[in-house]
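Coordinates from work.cif are shown below (mmCIF, C-alpha atoms and all ligand atoms).
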data_query
loop_
_atom_site.label_atom_id
_atom_site.label_comp_id
_atom_site.auth_asym_id
_atom_site.auth_seq_id
_atom_site.Cartn_x
_atom_site.Cartn_y
_atom_site.Cartn_z
CA MET A 1 -68.36 -126.58 -63.83
CA HIS A 2 -68.32 -130.35 -64.01
CA ARG A 3 -71.78 -130.57 -65.51
CA ARG A 4 -71.04 -128.14 -68.32
CA ARG A 5 -67.89 -130.02 -69.22
CA PHE A 6 -69.71 -133.31 -69.27
CA ILE A 7 -72.27 -132.06 -71.78
CA GLU A 8 -69.64 -130.69 -74.10
CA LEU A 9 -67.61 -133.87 -73.99
CA GLY A 10 -70.68 -135.99 -74.53
CA LEU A 11 -71.71 -134.07 -77.60
CA ALA A 12 -68.23 -133.93 -79.05
CA THR A 13 -67.71 -137.67 -78.82
CA SER A 14 -71.16 -138.35 -80.26
CA GLY A 15 -70.19 -136.22 -83.23
CA LEU A 16 -66.99 -138.16 -83.72
CA ALA A 17 -68.85 -141.42 -83.68
CA LEU A 18 -70.98 -140.16 -86.54
CA GLY A 19 -68.03 -139.07 -88.61
CA SER A 20 -67.35 -142.50 -89.97
CA THR A 21 -70.63 -142.59 -91.88
CA ALA A 22 -70.42 -138.99 -93.00
CA SER A 23 -69.60 -139.71 -96.61
CA ALA A 24 -72.64 -141.87 -97.22
CA ASP A 25 -75.07 -140.78 -99.94
CA GLU A 26 -77.47 -138.00 -99.10
CA GLY A 27 -80.39 -140.37 -99.33
CA ARG A 28 -78.86 -143.13 -97.26
CA TYR A 29 -79.93 -143.60 -93.68
CA ARG A 30 -77.31 -142.58 -91.17
CA PRO A 31 -77.79 -143.79 -87.63
CA GLY A 32 -78.34 -140.84 -85.37
CA GLY A 33 -79.30 -138.51 -88.18
CA PRO A 34 -79.61 -135.98 -89.41
CA TRP A 35 -81.74 -137.65 -92.05
CA ALA A 36 -83.69 -140.84 -92.30
CA PRO A 37 -84.70 -141.96 -95.80
CA ASN A 38 -87.71 -140.51 -97.51
CA GLU A 39 -90.04 -139.33 -94.81
CA ARG A 40 -92.58 -137.89 -97.17
CA ALA A 41 -94.73 -140.96 -96.85
CA VAL A 42 -96.18 -140.19 -93.46
CA ASN A 43 -97.63 -143.14 -91.64
CA TYR A 44 -99.88 -142.80 -88.62
CA SER A 45 -100.37 -146.50 -88.02
CA GLY A 46 -98.19 -146.51 -84.92
CA TYR A 47 -100.39 -144.15 -82.93
CA LEU A 48 -103.41 -144.82 -80.76
CA ASP A 49 -106.60 -143.26 -82.09
CA ASN A 50 -109.05 -141.76 -79.60
CA GLU A 51 -110.99 -144.97 -79.17
CA GLN A 52 -107.88 -147.08 -78.66
CA LEU A 53 -106.50 -144.61 -76.13
CA GLY A 54 -109.78 -144.68 -74.20
CA GLU A 55 -109.71 -148.48 -74.22
CA ARG A 56 -106.16 -148.61 -72.87
CA LEU A 57 -107.02 -146.18 -70.09
CA ARG A 58 -110.20 -148.04 -69.15
CA ARG A 59 -108.28 -151.32 -68.99
CA LEU A 60 -105.67 -149.77 -66.69
CA ASP A 61 -108.42 -148.37 -64.50
CA GLU A 62 -110.15 -151.76 -64.25
CA ARG A 63 -106.99 -153.68 -63.41
CA SER A 64 -105.43 -151.34 -60.89
CA ASN A 65 -106.84 -149.71 -57.78
CA ARG A 66 -104.03 -147.18 -57.95
CA ILE A 67 -105.58 -145.47 -60.98
CA GLU A 68 -108.57 -143.19 -61.13
CA LEU A 69 -109.97 -142.42 -64.57
CA GLU A 70 -112.39 -139.60 -65.22
CA GLN A 71 -113.79 -137.92 -68.30
CA ILE A 72 -113.37 -134.18 -67.74
CA GLY A 73 -114.82 -132.88 -70.98
CA GLU A 74 -115.25 -133.51 -74.66
CA SER A 75 -113.58 -132.11 -77.72
CA ALA A 76 -115.18 -129.22 -79.60
CA GLY A 77 -115.74 -130.96 -82.93
CA ARG A 78 -115.83 -134.74 -82.54
CA GLY A 79 -117.24 -134.72 -79.04
CA ASP A 80 -114.60 -137.29 -78.08
CA PRO A 81 -113.72 -137.70 -74.41
CA ILE A 82 -110.97 -135.70 -72.75
CA TRP A 83 -109.59 -138.08 -70.13
CA GLU A 84 -107.93 -137.37 -66.83
CA VAL A 85 -106.03 -140.01 -64.89
CA THR A 86 -105.01 -139.61 -61.27
CA VAL A 87 -102.43 -141.84 -59.61
CA GLY A 88 -100.77 -141.70 -56.18
CA ASP A 89 -101.94 -140.03 -53.00
CA GLY A 90 -99.02 -137.94 -51.81
CA ASP A 91 -98.92 -134.33 -50.71
CA GLU A 92 -96.77 -133.13 -53.60
CA ARG A 93 -99.00 -132.55 -56.59
CA VAL A 94 -98.03 -132.85 -60.24
CA HIS A 95 -100.17 -131.95 -63.26
CA VAL A 96 -99.27 -133.24 -66.74
CA ILE A 97 -100.86 -132.52 -70.12
CA ASN A 98 -99.98 -134.06 -73.47
CA GLN A 99 -100.79 -133.67 -77.15
CA ILE A 100 -102.48 -130.29 -76.92
CA HIS A 101 -101.21 -130.03 -80.47
CA GLY A 102 -102.83 -132.94 -82.28
CA ASN A 103 -99.82 -133.68 -84.48
CA GLU A 104 -97.60 -134.08 -81.42
CA PRO A 105 -98.70 -137.51 -80.23
CA THR A 106 -95.70 -138.98 -78.44
CA GLY A 107 -96.68 -137.66 -75.02
CA ALA A 108 -99.96 -139.58 -75.06
CA GLU A 109 -98.12 -142.77 -76.08
CA ALA A 110 -95.56 -142.20 -73.33
CA MET A 111 -98.29 -141.65 -70.73
CA VAL A 112 -99.81 -145.07 -71.41
CA LYS A 113 -96.41 -146.64 -70.74
CA ILE A 114 -95.83 -144.53 -67.63
CA LEU A 115 -99.29 -145.37 -66.28
CA GLN A 116 -98.64 -149.06 -66.89
CA ARG A 117 -95.52 -148.79 -64.71
CA LEU A 118 -97.25 -146.81 -62.00
CA ALA A 119 -100.37 -148.98 -62.02
CA GLY A 120 -98.69 -152.37 -62.03
CA GLY A 121 -95.07 -151.83 -61.12
CA SER A 122 -93.32 -152.49 -57.85
CA GLY A 123 -90.05 -151.53 -56.23
CA PRO A 124 -88.94 -148.71 -53.98
CA GLU A 125 -88.99 -145.99 -56.67
CA ILE A 126 -92.59 -146.74 -57.67
CA GLU A 127 -93.66 -147.02 -54.02
CA GLN A 128 -92.10 -143.67 -53.25
CA ILE A 129 -93.75 -141.97 -56.22
CA LEU A 130 -97.17 -143.31 -55.18
CA ASP A 131 -96.62 -142.32 -51.54
CA GLU A 132 -95.21 -138.86 -52.09
CA LEU A 133 -96.97 -137.61 -55.23
CA THR A 134 -100.48 -137.13 -56.49
CA ILE A 135 -100.12 -137.11 -60.26
CA THR A 136 -102.94 -135.85 -62.47
CA ILE A 137 -102.48 -136.60 -66.17
CA VAL A 138 -104.45 -135.43 -69.19
CA PRO A 139 -103.05 -137.92 -71.72
CA ARG A 140 -104.53 -136.25 -74.82
CA ALA A 141 -105.64 -132.63 -74.56
CA ASN A 142 -106.73 -132.24 -78.19
CA PRO A 143 -108.68 -135.28 -79.40
CA ASP A 144 -109.91 -133.42 -82.51
CA GLY A 145 -106.42 -132.66 -83.76
CA ALA A 146 -105.15 -136.10 -82.78
CA ASN A 147 -107.89 -137.94 -84.62
CA PHE A 148 -108.68 -135.81 -87.68
CA VAL A 149 -110.58 -138.15 -90.03
CA GLY A 150 -112.01 -137.37 -93.46
CA GLU A 151 -112.53 -133.98 -95.08
CA ASP A 152 -113.92 -132.18 -92.05
CA GLY A 153 -111.96 -134.15 -89.48
CA LEU A 154 -115.14 -135.42 -87.86
CA GLU A 155 -115.76 -138.69 -89.74
CA ASP A 156 -115.36 -142.22 -88.52
CA ASP A 157 -114.25 -143.53 -91.92
CA GLY A 158 -111.79 -141.84 -94.21
CA GLU A 159 -108.23 -140.67 -94.16
CA PHE A 160 -106.80 -140.48 -90.64
CA ARG A 161 -104.54 -137.49 -90.11
CA GLN A 162 -103.25 -135.43 -87.26
CA ARG A 163 -102.99 -131.68 -87.07
CA ARG A 164 -102.03 -129.00 -84.60
CA TYR A 165 -105.42 -127.32 -84.24
CA ASN A 166 -108.78 -128.39 -82.89
CA THR A 167 -111.86 -127.95 -85.11
CA THR A 168 -113.76 -125.08 -83.47
CA GLU A 169 -115.08 -122.66 -86.08
CA TRP A 170 -115.39 -119.11 -84.71
CA GLU A 171 -118.92 -117.80 -84.63
CA GLU A 172 -120.29 -114.35 -83.92
CA GLY A 173 -120.67 -114.06 -80.19
CA ASP A 174 -117.84 -116.47 -79.29
CA SER A 175 -115.62 -113.45 -78.64
CA ARG A 176 -115.49 -109.79 -79.68
CA TYR A 177 -112.73 -110.58 -82.15
CA LYS A 178 -111.14 -113.68 -83.51
CA ASN A 179 -108.02 -114.03 -81.44
CA ALA A 180 -105.31 -113.72 -84.11
CA ASN A 181 -102.78 -115.35 -81.84
CA SER A 182 -104.86 -118.48 -81.37
CA TYR A 183 -107.36 -118.87 -84.19
CA GLU A 184 -106.42 -120.13 -87.64
CA ASP A 185 -109.01 -118.94 -90.13
CA ASP A 186 -107.57 -120.02 -93.45
CA LEU A 187 -107.35 -123.75 -92.92
CA ASP A 188 -109.75 -126.01 -94.84
CA VAL A 189 -111.26 -126.64 -91.46
CA PRO A 190 -110.57 -123.67 -89.17
CA GLY A 191 -109.58 -124.23 -85.59
CA TYR A 192 -107.68 -123.04 -82.55
CA ASP A 193 -104.15 -123.51 -81.39
CA LEU A 194 -105.21 -124.54 -77.91
CA ASN A 195 -101.83 -123.78 -76.39
CA ARG A 196 -102.38 -120.09 -77.17
CA GLY A 197 -105.90 -120.13 -75.77
CA PHE A 198 -105.57 -120.38 -71.96
CA SER A 199 -106.50 -117.35 -69.92
CA ILE A 200 -104.04 -116.01 -67.38
CA ILE A 201 -106.89 -114.06 -65.75
CA PRO A 202 -108.46 -116.27 -63.09
CA GLY A 203 -112.12 -117.02 -63.77
CA PHE A 204 -112.10 -115.21 -67.11
CA SER A 205 -114.81 -115.76 -69.74
CA PRO A 206 -114.75 -114.18 -73.21
CA GLY A 207 -116.66 -110.91 -72.96
CA ASP A 208 -115.16 -110.08 -69.54
CA GLU A 209 -112.43 -108.11 -71.26
CA ASP A 210 -112.46 -104.35 -71.73
CA GLU A 211 -112.88 -103.47 -75.39
CA ASP A 212 -109.75 -101.30 -75.18
CA TRP A 213 -107.63 -104.37 -74.51
CA TRP A 214 -108.16 -105.45 -78.10
CA ASN A 215 -105.50 -104.44 -80.53
CA VAL A 216 -107.62 -104.70 -83.69
CA GLU A 217 -105.73 -105.98 -86.71
CA ASP A 218 -108.64 -106.01 -89.14
CA GLU A 219 -112.04 -104.67 -88.15
CA GLU A 220 -113.70 -106.16 -91.25
CA ALA A 221 -112.36 -109.64 -90.58
CA LYS A 222 -113.04 -109.24 -86.84
CA LEU A 223 -109.43 -110.05 -86.10
CA GLY A 224 -107.47 -108.79 -83.10
CA ASN A 225 -104.98 -109.48 -80.33
CA LEU A 226 -105.75 -109.23 -76.67
CA ASN A 227 -103.31 -107.17 -74.62
CA VAL A 228 -104.15 -107.06 -70.94
CA PRO A 229 -102.96 -104.28 -68.61
CA VAL A 230 -100.89 -105.91 -65.90
CA ASP A 231 -103.02 -104.54 -63.08
CA GLU A 232 -106.08 -106.18 -64.69
CA VAL A 233 -104.54 -109.64 -64.72
CA GLY A 234 -105.62 -110.28 -61.17
CA LEU A 235 -102.53 -112.24 -60.17
CA GLU A 236 -99.84 -111.27 -57.72
CA LEU A 237 -96.62 -110.00 -59.28
CA ARG A 238 -94.03 -112.13 -57.52
CA ASP A 239 -90.87 -111.06 -59.31
CA GLY A 240 -90.94 -107.36 -60.11
CA ASN A 241 -93.32 -105.38 -62.25
CA PRO A 242 -91.63 -105.12 -65.63
CA TYR A 243 -94.58 -104.71 -68.01
CA ASP A 244 -97.45 -102.30 -68.51
CA GLU A 245 -99.44 -104.96 -70.27
CA ILE A 246 -99.08 -108.55 -71.33
CA TRP A 247 -99.58 -109.33 -75.01
CA ASN A 248 -101.43 -111.98 -77.00
CA ALA A 249 -103.44 -113.30 -74.08
CA GLY A 250 -105.83 -116.23 -74.49
CA LEU A 251 -109.60 -116.26 -74.07
CA ASN A 252 -110.29 -119.75 -72.70
CA LEU A 253 -113.22 -120.19 -75.07
CA ASN A 254 -112.67 -123.80 -76.10
CA PRO A 255 -114.03 -126.76 -74.15
CA GLU A 256 -110.53 -128.29 -74.21
CA THR A 257 -108.82 -125.36 -72.46
CA GLN A 258 -111.75 -125.03 -70.07
CA ALA A 259 -111.53 -128.70 -69.05
CA ILE A 260 -107.75 -128.51 -68.61
CA THR A 261 -107.97 -125.28 -66.60
CA ASP A 262 -110.53 -126.85 -64.25
CA SER A 263 -108.42 -129.99 -63.96
CA PHE A 264 -105.35 -127.87 -63.16
CA LEU A 265 -107.04 -125.73 -60.52
CA GLU A 266 -108.69 -128.73 -58.90
CA SER A 267 -105.44 -130.64 -58.67
CA ASP A 268 -103.71 -127.48 -57.35
CA PRO A 269 -100.28 -128.55 -58.57
CA ASP A 270 -96.83 -127.69 -57.26
CA TRP A 271 -95.38 -128.94 -60.54
CA ALA A 272 -96.73 -128.82 -64.12
CA LEU A 273 -95.37 -130.70 -67.12
CA THR A 274 -96.37 -130.54 -70.75
CA HIS A 275 -95.20 -132.60 -73.69
CA HIS A 276 -94.78 -131.34 -77.26
CA HIS A 277 -92.97 -131.98 -80.51
CA GLN A 278 -90.82 -129.53 -82.44
CA GLY A 279 -89.45 -129.51 -85.98
CA PRO A 280 -86.22 -131.29 -86.88
CA THR A 281 -83.25 -129.77 -85.08
CA ALA A 282 -79.55 -130.45 -84.85
CA VAL A 283 -77.19 -130.27 -81.91
CA PRO A 284 -74.79 -127.44 -82.78
CA GLU A 285 -71.15 -128.39 -83.26
CA SER A 286 -71.99 -132.06 -82.99
CA SER A 287 -70.26 -133.03 -86.21
CA ASP A 288 -66.54 -133.77 -86.34
CA GLY A 289 -65.96 -130.36 -87.87
CA ASN A 290 -65.14 -131.67 -91.35
CA SER A 291 -67.82 -133.17 -93.54
CA GLY A 292 -69.63 -135.08 -90.82
CA PRO A 293 -73.32 -134.49 -90.40
CA GLN A 294 -74.58 -132.87 -87.25
CA GLN A 295 -76.47 -135.06 -84.87
CA GLN A 296 -80.18 -134.53 -84.49
CA SER A 297 -81.42 -133.47 -81.10
CA ILE A 298 -83.96 -136.00 -79.87
CA MET A 299 -85.58 -133.62 -77.41
CA SER A 300 -85.47 -130.06 -76.18
CA VAL A 301 -86.48 -128.97 -72.71
CA MET A 302 -87.88 -125.60 -71.73
CA ALA A 303 -88.57 -123.89 -68.42
CA PRO A 304 -90.38 -120.63 -67.79
CA TYR A 305 -88.65 -117.99 -65.70
CA GLY A 306 -89.02 -114.35 -64.75
CA PRO A 307 -86.88 -111.22 -64.40
CA THR A 308 -84.55 -112.73 -61.80
CA TYR A 309 -83.18 -115.24 -64.30
CA ALA A 310 -83.94 -113.24 -67.46
CA ASN A 311 -81.47 -110.57 -66.41
CA LEU A 312 -78.51 -112.77 -65.59
CA GLU A 313 -75.38 -111.61 -67.31
CA GLY A 314 -73.43 -114.02 -69.44
CA VAL A 315 -76.42 -116.22 -70.28
CA ASP A 316 -77.12 -116.89 -73.94
CA TYR A 317 -80.87 -116.47 -74.23
CA ALA A 318 -80.97 -116.74 -78.04
CA ASP A 319 -84.57 -115.72 -78.40
CA PHE A 320 -87.05 -113.18 -77.14
CA VAL A 321 -87.20 -113.56 -73.39
CA GLY A 322 -88.17 -110.05 -72.37
CA GLU A 323 -88.46 -110.12 -68.63
CA GLY A 324 -90.06 -113.55 -68.69
CA ASN A 325 -93.04 -114.31 -66.47
CA PRO A 326 -93.07 -112.11 -63.34
CA PHE A 327 -96.20 -113.82 -61.96
CA LEU A 328 -94.07 -116.84 -60.99
CA SER A 329 -92.22 -116.70 -57.69
CA VAL A 330 -88.45 -116.98 -57.82
CA ASP A 331 -88.83 -120.31 -56.04
CA ALA A 332 -91.12 -121.64 -58.79
CA GLN A 333 -88.72 -120.34 -61.42
CA THR A 334 -85.79 -122.10 -59.78
CA ARG A 335 -87.73 -125.34 -59.53
CA SER A 336 -88.75 -124.99 -63.20
CA LEU A 337 -85.11 -124.75 -64.21
CA GLU A 338 -84.34 -127.78 -62.06
CA LEU A 339 -87.11 -129.74 -63.79
CA ALA A 340 -85.60 -128.99 -67.18
CA GLY A 341 -82.03 -129.50 -66.00
CA LEU A 342 -82.59 -132.97 -64.62
CA VAL A 343 -83.57 -134.43 -68.00
CA PRO A 344 -80.11 -134.26 -69.61
CA GLU A 345 -78.64 -135.57 -66.35
CA GLN A 346 -80.94 -138.57 -66.67
CA MET A 347 -80.02 -139.16 -70.32
CA ASP A 348 -76.29 -139.11 -69.53
CA GLN A 349 -76.76 -142.50 -67.95
CA PHE A 350 -77.55 -144.02 -71.33
CA GLY A 351 -74.12 -142.96 -72.50
CA ARG A 352 -73.32 -141.85 -76.01
CA SER A 353 -76.59 -142.52 -77.75
CA ARG A 354 -79.48 -140.85 -79.48
CA LEU A 355 -80.98 -140.18 -76.05
CA ASP A 356 -77.99 -138.11 -74.98
CA THR A 357 -78.75 -135.23 -77.35
CA ILE A 358 -80.93 -133.03 -75.14
CA THR A 359 -81.04 -129.38 -76.09
CA ARG A 360 -82.63 -126.22 -74.73
CA TYR A 361 -85.74 -124.77 -76.29
CA ALA A 362 -85.37 -121.03 -75.86
CA TYR A 363 -88.03 -119.62 -73.57
CA GLY A 364 -90.13 -116.52 -74.12
CA PRO A 365 -93.51 -115.87 -72.51
CA LEU A 366 -96.58 -117.11 -74.41
CA TRP A 367 -99.31 -115.70 -72.24
CA GLY A 368 -101.99 -118.00 -73.67
CA SER A 369 -99.98 -121.16 -73.07
CA TYR A 370 -100.55 -123.81 -70.42
CA LEU A 371 -97.31 -123.00 -68.60
CA ASP A 372 -97.41 -119.20 -68.69
CA ALA A 373 -101.15 -118.83 -68.04
CA LEU A 374 -101.76 -121.61 -65.51
CA CYS A 375 -98.54 -122.08 -63.50
CA PRO A 376 -98.85 -118.64 -61.86
CA GLN A 377 -102.32 -119.55 -60.59
CA THR A 378 -100.92 -122.11 -58.14
CA ASP A 379 -97.28 -120.95 -58.26
CA ALA A 380 -96.38 -124.26 -59.88
CA ALA A 381 -92.98 -124.90 -61.37
CA GLY A 382 -93.28 -125.86 -65.03
CA ALA A 383 -91.38 -127.61 -67.77
CA LEU A 384 -91.98 -128.44 -71.39
CA TYR A 385 -90.51 -131.44 -73.18
CA GLU A 386 -90.36 -131.25 -76.92
CA VAL A 387 -89.27 -134.24 -79.00
CA SER A 388 -88.28 -133.74 -82.62
CA HIS A 389 -90.59 -134.06 -85.66
CA GLN A 390 -94.33 -133.55 -85.76
CA SER A 391 -96.26 -136.63 -86.83
CA ASP A 392 -97.44 -134.93 -90.03
CA ASP A 393 -93.79 -134.40 -90.91
CA ARG A 394 -92.38 -137.77 -90.01
CA GLY A 395 -95.18 -140.13 -89.06
CA HIS A 396 -94.30 -142.92 -86.67
CA LYS A 397 -90.67 -143.24 -87.72
CA ALA A 398 -88.54 -143.17 -84.60
CA LEU A 399 -91.68 -143.35 -82.48
CA GLY A 400 -90.02 -145.85 -80.15
CA THR A 401 -87.06 -143.57 -79.45
CA MET A 402 -89.28 -140.54 -78.92
CA VAL A 403 -91.49 -142.46 -76.50
CA LYS A 404 -88.44 -143.85 -74.72
CA VAL A 405 -86.82 -140.47 -74.10
CA SER A 406 -90.17 -139.10 -72.91
CA VAL A 407 -90.88 -142.00 -70.54
CA GLU A 408 -87.37 -141.94 -69.07
CA GLY A 409 -87.34 -138.17 -68.65
CA ILE A 410 -90.76 -137.97 -67.04
CA MET A 411 -90.31 -141.03 -64.79
CA ALA A 412 -86.98 -139.63 -63.57
CA THR A 413 -88.77 -136.35 -62.89
CA PHE A 414 -91.39 -138.11 -60.78
CA GLU A 415 -88.68 -140.01 -58.89
CA ARG A 416 -86.63 -136.95 -58.14
CA ILE A 417 -89.59 -134.90 -56.99
CA ALA A 418 -90.67 -137.84 -54.82
CA ASP A 419 -87.28 -138.37 -53.15
CA GLY A 420 -86.52 -134.66 -52.95
CA SER A 421 -83.30 -134.96 -54.94
CA ILE A 422 -84.58 -132.56 -57.58
CA GLN A 423 -83.14 -129.90 -55.29
CA ASP A 424 -79.66 -131.23 -56.07
CA VAL A 425 -80.00 -130.24 -59.73
CA ASP A 426 -78.04 -127.09 -60.48
CA GLU A 427 -80.72 -124.88 -62.01
CA MET A 428 -78.10 -123.06 -64.07
CA SER A 429 -77.28 -126.29 -65.91
CA TYR A 430 -80.38 -125.57 -68.00
CA PHE A 431 -78.66 -122.54 -69.50
CA ASP A 432 -75.59 -124.66 -70.28
CA LEU A 433 -77.61 -126.80 -72.67
CA PRO A 434 -77.01 -125.95 -76.32
CA ILE A 435 -79.80 -124.27 -78.26
CA PRO A 436 -80.45 -126.49 -81.29
CA GLU A 437 -80.20 -125.33 -84.86
CA ASP A 438 -83.19 -125.66 -87.15
CA ILE A 439 -82.60 -127.92 -90.09
CA ASP A 440 -84.69 -128.42 -93.22
CA ASN A 441 -86.06 -131.75 -94.15
CA PRO A 442 -84.72 -132.34 -97.67
CA HIS A 443 -87.60 -134.71 -98.38
CA ASN A 444 -90.00 -131.81 -98.08
CA GLU A 445 -88.37 -129.92 -100.94
CA ARG A 446 -90.58 -130.01 -103.99
ZN ZN A 501 -96.71 -128.23 -79.40
#
Would you encode the structure as structure tokens?
Ligand SMILES: [Zn+2]
Amino acid sequence: MHRRRFIELGLATSGLALGSTASADEGRYRPGGPWAPNERAVNYSGYLDNEQLGERLRRLDERSNRIELEQIGESAGRGDPIWEVTVGDGDERVHVINQIHGNEPTGAEAMVKILQRLAGGSGPEIEQILDELTITIVPRANPDGANFVGEDGLEDDGEFRQRRYNTTEWEEGDSRYKNANSYEDDLDVPGYDLNRGFSIIPGFSPGDEDEDWWNVEDEEAKLGNLNVPVDEVGLELRDGNPYDEIWNAGLNLNPETQAITDSFLESDPDWALTHHHQGPTAVPESSDGNSGPQQQSIMSVMAPYGPTYANLEGVDYADFVGEGNPFLSVDAQTRSLELAGLVPEQMDQFGRSRLDTITRYAYGPLWGSYLDALCPQTDAAGALYEVSHQSDDRGHKALGTMVKVSVEGIMATFERIADGSIQDVDEMSYFDLPIPEDIDNPHNER
């Protein structure tokens, strides 16, 4: 297959290009990675805080009649606004959420740039996007994690940090048990991983669940996992019936997941995109095979799929897939794989560069996640983009490159949905992408 060959060649030549600097000192910066100099000194100065983000969005809204800005909720701890921006008035509907993990800020930064283009840009591609698509964007889904200031995260003055979780502290009555899959009890300031907290059951509120669904880990600590019998999910099985129950479901008990769920259902999307960060990863076999360092992967892409694709022979799944998500139609699965597959195609056009190092994030169902819980509700295709390095690992180093790859990937996605050419993407090209290798950050060794 031409596409497969192209990827392999691209990676091999990138590796060769790196070989010449391979013998440099461990601590010396090598363009393209794997390691920048000391990254221990994390610096957040490059990122927009909640107030600055709100200001940027308000300015865009004031200057452009293409943009509609709405506050759809407020964060659990700080009470900061959760914003939603709508642009375009086409029939094809796209929903996008970013920074649901507070220490994964690049998506919000990329959205400001994308909205600037869509609000003020011209040219046939922009016109077509605005005519064909209605795009609903939640630029920052977790303002508490994104803007964690001071000891309790809620101050206006003090050390500015970012972290994965929000700042909701579980209280008696919030739910029967603390959801072990979502709630982090032993942090200085406890909170939820919001991307484990969506409910796949339409209209669900905590307390609606049967007590038997709880798999209790620790009665004393009120800790458990929620496993829902498939026939209680209340969604159509569109691709077989492979499970008795789904595991580690979310409860939708945080204002952030509630606001995003409402936003999703109201926008009724055909397509759903979410932006994340991952740890540092390397493109396998990207060195010259001698002493050359491997090249870092700038971004991984992930698509959810169900039994039809999860049972294909000859595919390297590399992680727990199970039978995938059977609540998605085969059509939505195929379109999901196309969404993910078009990103490396787009990056090929930049030639041998840091942008041309797209890898595949291995998929397995996370029933409390945005994609697995919400996409089935409107049979939306979904994709996840995941740039390398959390901000509390690397700060704003390489921010520009991370924003660039995100903007280019997402704009190309809008263009190809708008002109229909997304259908030309071979969905199997997703499985041709290499699965990256985890690498340790030597600067974190103590
Ligand atoms: Zn994430």
Checklist entry - Would you name the residues within 6 Å of ligand ZN 501 (chain A), counting only C-alpha atoms and all ligand atoms, and put them as a list in words? => result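 What falls inside 6 Å of ligand ZN 501 (chain A) is His101, His276 and His277 of chain A.
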Any chance you can output those residues with C-alpha atoms as a PDB file, in the frame of the given file?
ATOM      1  CA  HIS A 101    -101.210-130.030 -80.470  1.00  0.00           C
ATOM      2  CA  HIS A 276     -94.780-131.340 -77.260  1.00  0.00           C
ATOM      3  CA  HIS A 277     -92.970-131.980 -80.510  1.00  0.00           C
TER       4      HIS A 277
END
Minimum-distance residue to A:Ile298, chosen among A:Val330, A:Leu69, A:Leu187, A:Ala282 (using only C-alpha atoms):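 Looking at the shortest contact to A:Ile298, the residue is A:Ala282.
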Would you pick out the contacts of stretch 302-309 of chain A at 8 Å or less, using all atoms listed in the file, so that residues sharing its chain but fewer than 5 positions from it are not included, and give the list as an MDAnalysis selection string? chainID A and resid 239:240 242 323:328 330 333:334 336:337 339:340 360:365 371:372 382:385
Writer output for current selection, C-alpha atoms, as a PDB file, in the coordinates of the input:
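Result went into part.pdb, see below:
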ATOM      1  CA  ASP A 239     -90.870-111.060 -59.310  1.00  0.00           C
ATOM      2  CA  GLY A 240     -90.940-107.360 -60.110  1.00  0.00           C
ATOM      3  CA  PRO A 242     -91.630-105.120 -65.630  1.00  0.00           C
ATOM      4  CA  GLU A 323     -88.460-110.120 -68.630  1.00  0.00           C
ATOM      5  CA  GLY A 324     -90.060-113.550 -68.690  1.00  0.00           C
ATOM      6  CA  ASN A 325     -93.040-114.310 -66.470  1.00  0.00           C
ATOM      7  CA  PRO A 326     -93.070-112.110 -63.340  1.00  0.00           C
ATOM      8  CA  PHE A 327     -96.200-113.820 -61.960  1.00  0.00           C
ATOM      9  CA  LEU A 328     -94.070-116.840 -60.990  1.00  0.00           C
ATOM     10  CA  VAL A 330     -88.450-116.980 -57.820  1.00  0.00           C
ATOM     11  CA  GLN A 333     -88.720-120.340 -61.420  1.00  0.00           C
ATOM     12  CA  THR A 334     -85.790-122.100 -59.780  1.00  0.00           C
ATOM     13  CA  SER A 336     -88.750-124.990 -63.200  1.00  0.00           C
ATOM     14  CA  LEU A 337     -85.110-124.750 -64.210  1.00  0.00           C
ATOM     15  CA  LEU A 339     -87.110-129.740 -63.790  1.00  0.00           C
ATOM     16  CA  ALA A 340     -85.600-128.990 -67.180  1.00  0.00           C
ATOM     17  CA  ARG A 360     -82.630-126.220 -74.730  1.00  0.00           C
ATOM     18  CA  TYR A 361     -85.740-124.770 -76.290  1.00  0.00           C
ATOM     19  CA  ALA A 362     -85.370-121.030 -75.860  1.00  0.00           C
ATOM     20  CA  TYR A 363     -88.030-119.620 -73.570  1.00  0.00           C
ATOM     21  CA  GLY A 364     -90.130-116.520 -74.120  1.00  0.00           C
ATOM     22  CA  PRO A 365     -93.510-115.870 -72.510  1.00  0.00           C
ATOM     23  CA  LEU A 371     -97.310-123.000 -68.600  1.00  0.00           C
ATOM     24  CA  ASP A 372     -97.410-119.200 -68.690  1.00  0.00           C
ATOM     25  CA  GLY A 382     -93.280-125.860 -65.030  1.00  0.00           C
ATOM     26  CA  ALA A 383     -91.380-127.610 -67.770  1.00  0.00           C
ATOM     27  CA  LEU A 384     -91.980-128.440 -71.390  1.00  0.00           C
ATOM     28  CA  TYR A 385     -90.510-131.440 -73.180  1.00  0.00           C
TER      29      TYR A 385
END
- prompt: What is the distance, in Å and to one decimal place, between atom CA of A:Asp432 and atom CA of A:Asp316?
  reply: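 Computed distance, atom CA of A:Asp432 to atom CA of A:Asp316, equals 8.7 Å.
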Shell around A:Asn166 at 7 Å using all atoms listed in the file, local window under 6 positions removed, as a compact mmCIF listing (two decimals) with C-alpha atoms, in the frame of the given file:
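Output file around39.txt follows:
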# COMPACT_ATOMS: atom_id res chain seq x y z
CA ASN A 142 -106.73 -132.24 -78.19
CA ASP A 144 -109.91 -133.42 -82.51
CA GLY A 145 -106.42 -132.66 -83.76
CA GLY A 191 -109.58 -124.23 -85.59
CA TYR A 192 -107.68 -123.04 -82.55
CA ASP A 193 -104.15 -123.51 -81.39
